[in-house]
>>> print(open('run29.cif').read())   # mmCIF, C-alpha atoms (C1' of nucleotides)
data_work
loop_
_atom_site.label_atom_id
_atom_site.label_comp_id
_atom_site.auth_asym_id
_atom_site.auth_seq_id
_atom_site.Cartn_x
_atom_site.Cartn_y
_atom_site.Cartn_z
CA MET A 1 0.00 0.00 0.00
CA ARG A 2 1.50 3.26 -1.14
CA ILE A 3 0.17 6.65 -0.09
CA VAL A 4 1.49 9.88 -1.58
CA THR A 5 0.78 13.36 -0.22
CA TRP A 6 1.39 16.52 -2.23
CA ASN A 7 0.58 20.19 -1.86
CA VAL A 8 -0.12 20.67 -5.53
CA ASN A 9 -0.69 24.47 -5.45
CA SER A 10 -3.57 24.42 -7.96
CA VAL A 11 -4.59 21.00 -9.23
CA ARG A 12 -5.74 22.44 -12.54
CA LEU A 13 -2.41 24.07 -13.27
CA ARG A 14 -0.53 20.97 -12.12
CA ILE A 15 -2.59 18.27 -13.83
CA ASN A 16 0.21 17.14 -16.14
CA ALA A 17 2.66 16.93 -13.25
CA ALA A 18 0.06 14.93 -11.33
CA ARG A 19 -0.20 12.48 -14.22
CA ARG A 20 3.57 12.14 -14.34
CA LEU A 21 3.75 11.67 -10.59
CA ILE A 22 1.12 8.93 -10.71
CA ARG A 23 2.85 7.12 -13.57
CA GLN A 24 6.20 7.21 -11.82
CA PHE A 25 5.11 6.46 -8.28
CA GLN A 26 1.91 4.45 -8.70
CA PRO A 27 0.27 5.44 -5.44
CA ASP A 28 -2.78 3.57 -4.20
CA VAL A 29 -3.99 6.80 -2.65
CA LEU A 30 -2.95 10.31 -3.66
CA CYS A 31 -3.68 13.04 -1.11
CA LEU A 32 -3.65 16.57 -2.49
CA GLN A 33 -3.67 19.92 -0.73
CA GLU A 34 -4.19 23.45 -2.03
CA THR A 35 -6.27 22.24 -4.95
CA LYS A 36 -7.71 25.78 -5.24
CA VAL A 37 -10.86 24.72 -7.05
CA ALA A 38 -14.54 24.29 -6.24
CA ASP A 39 -15.60 20.65 -6.21
CA GLU A 40 -17.82 21.02 -9.30
CA HIS A 41 -14.78 22.15 -11.31
CA PHE A 42 -12.29 19.57 -10.01
CA PRO A 43 -10.60 17.74 -12.91
CA THR A 44 -11.68 14.22 -12.02
CA ALA A 45 -11.49 12.76 -15.55
CA PRO A 46 -7.67 12.53 -15.80
CA PHE A 47 -7.52 10.65 -12.51
CA VAL A 48 -10.35 8.28 -13.43
CA LYS A 49 -8.55 7.54 -16.71
CA LEU A 50 -5.39 6.66 -14.82
CA GLY A 51 -7.26 4.15 -12.67
CA TYR A 52 -8.37 6.28 -9.74
CA PRO A 53 -12.16 6.27 -9.80
CA HIS A 54 -12.60 6.83 -6.07
CA ILE A 55 -12.30 10.55 -5.41
CA ALA A 56 -13.32 12.54 -2.36
CA LEU A 57 -13.24 16.33 -2.45
CA ALA A 58 -13.24 19.13 0.09
CA GLY A 59 -12.63 22.13 -2.06
CA GLN A 60 -13.65 25.73 -2.52
CA LYS A 61 -12.92 28.44 -5.02
CA ALA A 62 -9.40 29.88 -5.16
CA TYR A 63 -8.09 28.91 -1.74
CA HIS A 64 -7.09 25.80 0.16
CA GLY A 65 -8.89 22.57 -0.75
CA VAL A 66 -7.95 18.93 -0.24
CA ALA A 67 -8.67 15.78 -2.23
CA LEU A 68 -8.37 12.02 -1.81
CA ILE A 69 -7.74 10.24 -5.11
CA SER A 70 -7.77 6.48 -4.80
CA ARG A 71 -7.54 3.21 -6.68
CA LEU A 72 -9.34 1.61 -3.76
CA PRO A 73 -12.85 2.32 -2.55
CA LEU A 74 -13.11 5.03 0.09
CA GLY A 75 -15.49 4.31 2.93
CA ASN A 76 -16.84 6.58 5.66
CA VAL A 77 -15.74 9.71 3.85
CA GLU A 78 -16.00 12.73 6.11
CA ARG A 79 -15.20 16.38 5.63
CA PRO A 80 -14.78 17.69 9.17
CA THR A 81 -14.96 21.39 9.95
CA TRP A 82 -12.52 23.01 12.37
CA CYS A 83 -12.69 26.42 14.00
CA GLY A 84 -16.21 26.67 12.62
CA ARG A 85 -14.98 27.02 9.05
CA ARG A 86 -15.81 24.81 6.09
CA ASP A 87 -12.69 25.85 4.23
CA GLY A 88 -11.30 22.68 2.66
CA ARG A 89 -8.62 21.65 5.11
CA HIS A 90 -9.42 18.06 6.04
CA LEU A 91 -10.78 14.87 4.54
CA MET A 92 -10.89 11.47 6.19
CA ALA A 93 -11.83 8.06 4.81
CA THR A 94 -11.46 4.37 5.50
CA LEU A 95 -9.63 2.08 3.08
CA PRO A 96 -10.47 -1.58 2.47
CA GLY A 97 -8.84 -3.47 5.31
CA GLY A 98 -9.69 -0.78 7.80
CA ILE A 99 -6.88 1.75 7.63
CA GLU A 100 -8.15 5.27 8.20
CA VAL A 101 -6.56 8.07 6.17
CA HIS A 102 -6.57 11.73 7.17
CA ASN A 103 -5.53 14.42 4.69
CA PHE A 104 -4.84 17.85 6.24
CA TYR A 105 -4.03 21.33 5.04
CA VAL A 106 -3.16 23.26 8.19
CA PRO A 107 -3.53 27.06 8.02
CA ALA A 108 -0.30 28.77 7.03
CA GLY A 109 -0.59 31.37 9.77
CA GLY A 110 0.31 34.65 8.14
CA ASP A 111 3.45 36.61 8.87
CA LEU A 112 3.42 37.77 12.47
CA PRO A 113 3.85 34.95 15.01
CA ASP A 114 1.63 36.61 17.60
CA PRO A 115 -1.92 35.25 18.04
CA ALA A 116 -3.00 38.46 19.78
CA ARG A 117 -2.14 40.60 16.78
CA ASN A 118 -2.46 38.16 13.88
CA ASP A 119 -5.79 36.36 13.40
CA LYS A 120 -4.26 33.94 10.92
CA PHE A 121 -1.69 32.79 13.44
CA ALA A 122 -4.38 32.44 16.10
CA HIS A 123 -6.41 30.37 13.63
CA LYS A 124 -3.43 28.11 12.98
CA LEU A 125 -2.88 27.46 16.69
CA ASP A 126 -6.61 26.96 17.32
CA PHE A 127 -6.85 24.58 14.37
CA VAL A 128 -4.00 22.40 15.61
CA ALA A 129 -5.37 22.43 19.17
CA GLU A 130 -8.87 21.41 18.05
CA VAL A 131 -7.56 18.60 15.88
CA THR A 132 -5.26 17.42 18.67
CA ASP A 133 -8.13 17.26 21.13
CA TRP A 134 -10.32 15.42 18.63
CA PHE A 135 -7.78 12.65 18.07
CA ALA A 136 -7.14 12.31 21.80
CA ALA A 137 -10.88 12.03 22.47
CA HIS A 138 -12.00 9.88 19.54
CA ARG A 139 -9.12 7.63 18.53
CA THR A 140 -6.48 5.50 20.25
CA PRO A 141 -2.89 4.49 19.40
CA ALA A 142 -4.24 1.00 18.70
CA ASP A 143 -6.29 2.30 15.77
CA ARG A 144 -4.67 1.92 12.35
CA ILE A 145 -4.44 5.48 11.07
CA VAL A 146 -2.31 7.33 8.54
CA LEU A 147 -2.23 11.13 8.81
CA VAL A 148 -0.73 13.10 5.92
CA GLY A 149 -0.62 16.57 4.59
CA ASP A 150 0.78 20.04 4.53
CA LEU A 151 0.96 20.68 8.26
CA ASN A 152 2.77 23.98 7.68
CA ILE A 153 5.09 23.41 10.65
CA ALA A 154 8.73 22.32 10.48
CA PRO A 155 9.36 20.82 13.91
CA LEU A 156 13.04 19.87 13.99
CA GLU A 157 16.10 22.07 13.73
CA THR A 158 17.08 19.94 10.73
CA ASP A 159 13.66 20.54 9.14
CA VAL A 160 14.69 24.09 8.22
CA TRP A 161 17.70 25.56 6.47
CA SER A 162 18.57 27.72 9.46
CA HIS A 163 17.05 27.01 12.84
CA LYS A 164 18.39 30.23 14.30
CA GLN A 165 17.14 32.44 11.49
CA LEU A 166 13.69 30.87 11.43
CA LEU A 167 12.91 30.88 15.15
CA ARG A 168 10.68 33.92 14.66
CA VAL A 169 9.41 32.92 11.25
CA VAL A 170 5.94 31.38 11.10
CA SER A 171 6.29 27.61 10.48
CA HIS A 172 9.19 27.12 12.90
CA THR A 173 8.36 29.22 15.98
CA PRO A 174 8.56 27.50 19.38
CA VAL A 175 4.81 27.90 20.00
CA GLU A 176 3.98 26.11 16.74
CA VAL A 177 6.54 23.39 17.35
CA ALA A 178 5.05 22.88 20.82
CA ALA A 179 1.54 22.70 19.35
CA MET A 180 2.71 20.10 16.86
CA ALA A 181 4.40 18.13 19.65
CA ARG A 182 1.07 18.01 21.50
CA TRP A 183 -0.58 16.78 18.30
CA ARG A 184 2.11 14.11 17.89
CA ALA A 185 1.58 13.07 21.51
CA SER A 186 -2.21 12.81 21.12
CA LEU A 187 -1.88 9.27 19.76
CA ASP A 188 1.86 8.77 20.10
CA TRP A 189 2.06 9.29 16.32
CA VAL A 190 5.15 7.99 14.51
CA ASP A 191 6.83 10.42 12.10
CA ALA A 192 7.15 7.96 9.22
CA VAL A 193 9.59 10.04 7.22
CA ARG A 194 11.98 10.56 10.12
CA LYS A 195 11.86 6.85 10.85
CA PHE A 196 13.82 6.35 7.62
CA THR A 197 15.83 9.59 7.49
CA PRO A 198 17.78 10.30 10.68
CA GLU A 199 16.92 13.49 12.53
CA SER A 200 20.52 14.60 12.12
CA GLU A 201 19.99 14.97 8.36
CA LYS A 202 18.55 18.13 6.85
CA LEU A 203 15.30 17.35 5.08
CA TYR A 204 12.90 19.72 3.31
CA SER A 205 9.65 19.39 1.36
CA TRP A 206 9.11 23.04 0.46
CA TRP A 207 11.27 25.69 -1.19
CA SER A 208 9.99 29.22 -1.72
CA TYR A 209 9.28 30.38 -5.24
CA ARG A 210 11.13 33.54 -4.29
CA SER A 211 14.49 31.88 -4.16
CA PRO A 212 15.68 32.00 -7.77
CA ASN A 213 18.04 29.08 -7.33
CA TRP A 214 16.17 26.77 -5.00
CA ALA A 215 18.52 23.80 -5.44
CA LYS A 216 21.73 25.70 -4.92
CA ALA A 217 20.47 27.97 -2.13
CA ASP A 218 18.54 25.03 -0.61
CA LYS A 219 16.68 27.24 1.84
CA GLY A 220 13.90 24.77 2.43
CA ARG A 221 11.58 23.67 5.18
CA ARG A 222 9.93 20.31 5.93
CA LEU A 223 6.28 21.30 6.09
CA ASP A 224 4.71 18.16 4.60
CA HIS A 225 4.40 15.13 6.82
CA ILE A 226 3.24 11.55 7.10
CA TRP A 227 2.45 10.15 10.52
CA VAL A 228 1.10 6.74 11.50
CA THR A 229 -0.30 5.44 14.74
CA PRO A 230 1.82 2.97 16.72
CA ALA A 231 -0.48 0.20 15.49
CA LEU A 232 0.83 0.79 11.97
CA ASP A 233 4.47 1.33 12.90
CA PRO A 234 5.40 -2.33 12.25
CA ALA A 235 3.86 -2.07 8.78
CA LEU A 236 6.07 0.84 7.70
CA LEU A 237 8.30 -0.25 4.81
CA GLY A 238 9.69 3.13 3.81
CA ALA A 239 8.97 6.82 3.47
CA GLU A 240 10.65 9.57 1.54
CA VAL A 241 10.42 13.14 0.34
CA VAL A 242 10.57 13.32 -3.47
CA ALA A 243 12.62 16.48 -3.85
CA LYS A 244 13.19 16.08 -7.58
CA LEU A 245 9.69 17.31 -8.37
CA ARG A 246 10.76 20.81 -7.36
CA GLY A 247 12.90 20.75 -10.51
CA TRP A 248 10.07 19.81 -12.88
CA ALA A 249 8.62 22.40 -15.25
CA THR A 250 6.22 24.86 -13.54
CA PRO A 251 6.57 23.09 -10.20
CA SER A 252 4.57 23.42 -7.03
CA ASP A 253 6.61 24.97 -4.23
CA HIS A 254 5.98 21.77 -2.26
CA VAL A 255 7.14 18.30 -3.27
CA PRO A 256 5.38 14.98 -2.63
CA VAL A 257 6.03 12.68 0.29
CA VAL A 258 5.62 8.92 -0.17
CA VAL A 259 4.98 6.16 2.35
CA ASP A 260 4.85 2.40 1.83
CA LEU A 261 2.94 0.16 4.20
CA GLY A 262 3.22 -3.62 4.14
CA ALA A 263 0.61 -6.24 4.79
CA ASP A 264 -0.62 -6.12 8.33
"C1'" DA B 265 16.67 43.46 7.33
"C1'" DT B 266 14.61 43.07 2.88
"C1'" DG B 267 12.96 41.22 -1.14
"C1'" DG B 268 12.43 38.01 -4.02
"C1'" DC B 269 7.84 34.52 -7.03
"C1'" DA B 270 3.41 32.07 -8.04
"C1'" DG B 271 -1.69 31.34 -8.29
"C1'" DG B 272 -6.30 33.04 -8.21
"C1'" DT B 273 -9.80 36.47 -8.85
"C1'" DT B 274 -15.92 38.57 -11.72
"C1'" DA B 275 -8.38 40.89 -12.13
"C1'" DT B 276 -5.09 44.46 -14.95
"C1'" DA B 277 -4.49 45.47 -8.04
"C1'" DC B 278 -4.80 42.74 -4.27
"C1'" DC B 279 -5.18 38.67 -1.41
"C1'" DT B 280 -2.83 34.39 0.00
"C1'" DG B 281 0.88 31.59 0.49
"C1'" DA B 282 4.98 30.33 4.50
#
>>> encode(input="run29.cif", output="structure tokens")
Amino acid sequence: MRIVTWNVNSVRLRINAARRLIRQFQPDVLCLQETKVADEHFPTAPFVKLGYPHIALAGQKAYHGVALISRLPLGNVERPTWCGRRDGRHLMATLPGGIEVHNFYVPAGGDLPDPARNDKFAHKLDFVAEVTDWFAAHRTPADRIVLVGDLNIAPLETDVWSHKQLLRVVSHTPVEVAAMARWRASLDWVDAVRKFTPESEKLYSWWSYRSPNWAKADKGRRLDHIWVTPALDPALLGAEVVAKLRGWATPSDHVPVVVDLGAD
DNA sequence: ATGGCAGGTTATACCTGA
């Protein structure tokens, strides 16, 4: 079972890259974020043609939006709302065999890392806190769950190009990292990617469009994550960030993250 | 410390991204 997560930054603009990604990586489930399209305009046909007839959407016009695109039937599809907003940030579904998949697009949080003066940052912290409490209340570490998405937080010092220079930059501030640690602790989630890439190694999944030479400058951040519950830890076969997609023509600023789960 | 780019919108300026 292979699950791929990707902040596509407009699914319509990236449809050819999505086709290429699918052909190369053959995911069973593709989880997209920032689709930026209302559900009635989502380009489902290319995915159906490639063998992915099971599609769940939580989109809206222009902003945010997540999608589950699957070879396998999706059961119990839900589109939860957080912070009272139906803004296309979360889809959940159950795969055949019982694994539950969650696809998240966490609010970016704006510029100023002060919830008292920046509503977007307050929203980000509230969103993570609500989701954390939900998992703690409604699921257990014995449940078989995969959580993926653009979580918009780089937790480790090696998840950013410069820990010191990003301490006050939204995505790597101590308050966000602490919020993410609480989320991780809610079900004792395993960071699947860091299971296979040591924490001592720099690892990024996002490079700003504003850096003209992203590969050489390499000022990235690891904002895209795949977590599994302890029940699925023994099934983890591998996980990796596919950095090469940042070098494709008209790329997203995020690259996909892949996880492989064995029979369980 | 700043600015740099990309995508979308009843656009040609402004919001969002992070």
>>> resolve_selection(input="run29.cif", expression="the PyMOL selection byres ((chain B) within 10 of (chain A))", output="list in words")
DG267, DG268, DC269, DA270, DG271, DG272, DT273, DT280, DG281 and DA282 of chain B
>>> atom_distance(input="run29.cif", atom1="CA of Ser200 in chain A", atom2="CA of Gly262 in chain A")
26.4 Å
>>> resolve_selection(input="run29.cif", expression="the PyMOL selection byres ((chain A and resi 127) around 12)", output="PyMOL selection string")
chain A and resi 80-85+87+89-90+104-109+119-126+128-134+151-152+176+179-180+183
>>> atom_distance(input="run29.cif", atom1="C1' of DT266 in chain B", atom2="CA of Lys216 in chain A")
20.3 Å
>>> atom_distance(input="run29.cif", atom1="CA of Val77 in chain A", atom2="CA of Leu187 in chain A")
21.1 Å
>>> decode(input="run29.cif", residues="range 90-133 of chain A", atoms="C-alpha atoms", output="PDB file, in the first residue's frame")
ATOM      1  CA  HIS A  90      -9.423  18.056   6.038  1.00  0.00           C
ATOM      2  CA  LEU A  91     -10.776  14.866   4.543  1.00  0.00           C
ATOM      3  CA  MET A  92     -10.891  11.470   6.188  1.00  0.00           C
ATOM      4  CA  ALA A  93     -11.831   8.065   4.806  1.00  0.00           C
ATOM      5  CA  THR A  94     -11.456   4.367   5.501  1.00  0.00           C
ATOM      6  CA  LEU A  95      -9.629   2.081   3.078  1.00  0.00           C
ATOM      7  CA  PRO A  96     -10.471  -1.575   2.469  1.00  0.00           C
ATOM      8  CA  GLY A  97      -8.841  -3.471   5.308  1.00  0.00           C
ATOM      9  CA  GLY A  98      -9.692  -0.783   7.798  1.00  0.00           C
ATOM     10  CA  ILE A  99      -6.875   1.751   7.632  1.00  0.00           C
ATOM     11  CA  GLU A 100      -8.148   5.274   8.198  1.00  0.00           C
ATOM     12  CA  VAL A 101      -6.561   8.068   6.173  1.00  0.00           C
ATOM     13  CA  HIS A 102      -6.567  11.729   7.167  1.00  0.00           C
ATOM     14  CA  ASN A 103      -5.530  14.420   4.692  1.00  0.00           C
ATOM     15  CA  PHE A 104      -4.840  17.850   6.243  1.00  0.00           C
ATOM     16  CA  TYR A 105      -4.033  21.326   5.042  1.00  0.00           C
ATOM     17  CA  VAL A 106      -3.156  23.258   8.189  1.00  0.00           C
ATOM     18  CA  PRO A 107      -3.527  27.065   8.022  1.00  0.00           C
ATOM     19  CA  ALA A 108      -0.304  28.773   7.032  1.00  0.00           C
ATOM     20  CA  GLY A 109      -0.592  31.366   9.773  1.00  0.00           C
ATOM     21  CA  GLY A 110       0.310  34.646   8.144  1.00  0.00           C
ATOM     22  CA  ASP A 111       3.454  36.612   8.865  1.00  0.00           C
ATOM     23  CA  LEU A 112       3.419  37.772  12.466  1.00  0.00           C
ATOM     24  CA  PRO A 113       3.846  34.949  15.008  1.00  0.00           C
ATOM     25  CA  ASP A 114       1.626  36.606  17.605  1.00  0.00           C
ATOM     26  CA  PRO A 115      -1.924  35.250  18.035  1.00  0.00           C
ATOM     27  CA  ALA A 116      -3.001  38.462  19.781  1.00  0.00           C
ATOM     28  CA  ARG A 117      -2.140  40.601  16.776  1.00  0.00           C
ATOM     29  CA  ASN A 118      -2.465  38.161  13.877  1.00  0.00           C
ATOM     30  CA  ASP A 119      -5.792  36.357  13.401  1.00  0.00           C
ATOM     31  CA  LYS A 120      -4.258  33.943  10.924  1.00  0.00           C
ATOM     32  CA  PHE A 121      -1.687  32.788  13.440  1.00  0.00           C
ATOM     33  CA  ALA A 122      -4.385  32.445  16.101  1.00  0.00           C
ATOM     34  CA  HIS A 123      -6.411  30.370  13.630  1.00  0.00           C
ATOM     35  CA  LYS A 124      -3.435  28.112  12.978  1.00  0.00           C
ATOM     36  CA  LEU A 125      -2.881  27.456  16.686  1.00  0.00           C
ATOM     37  CA  ASP A 126      -6.606  26.957  17.316  1.00  0.00           C
ATOM     38  CA  PHE A 127      -6.855  24.581  14.374  1.00  0.00           C
ATOM     39  CA  VAL A 128      -4.000  22.395  15.614  1.00  0.00           C
ATOM     40  CA  ALA A 129      -5.372  22.434  19.171  1.00  0.00           C
ATOM     41  CA  GLU A 130      -8.875  21.409  18.050  1.00  0.00           C
ATOM     42  CA  VAL A 131      -7.563  18.599  15.883  1.00  0.00           C
ATOM     43  CA  THR A 132      -5.262  17.424  18.669  1.00  0.00           C
ATOM     44  CA  ASP A 133      -8.133  17.257  21.130  1.00  0.00           C
TER      45      ASP A 133
END
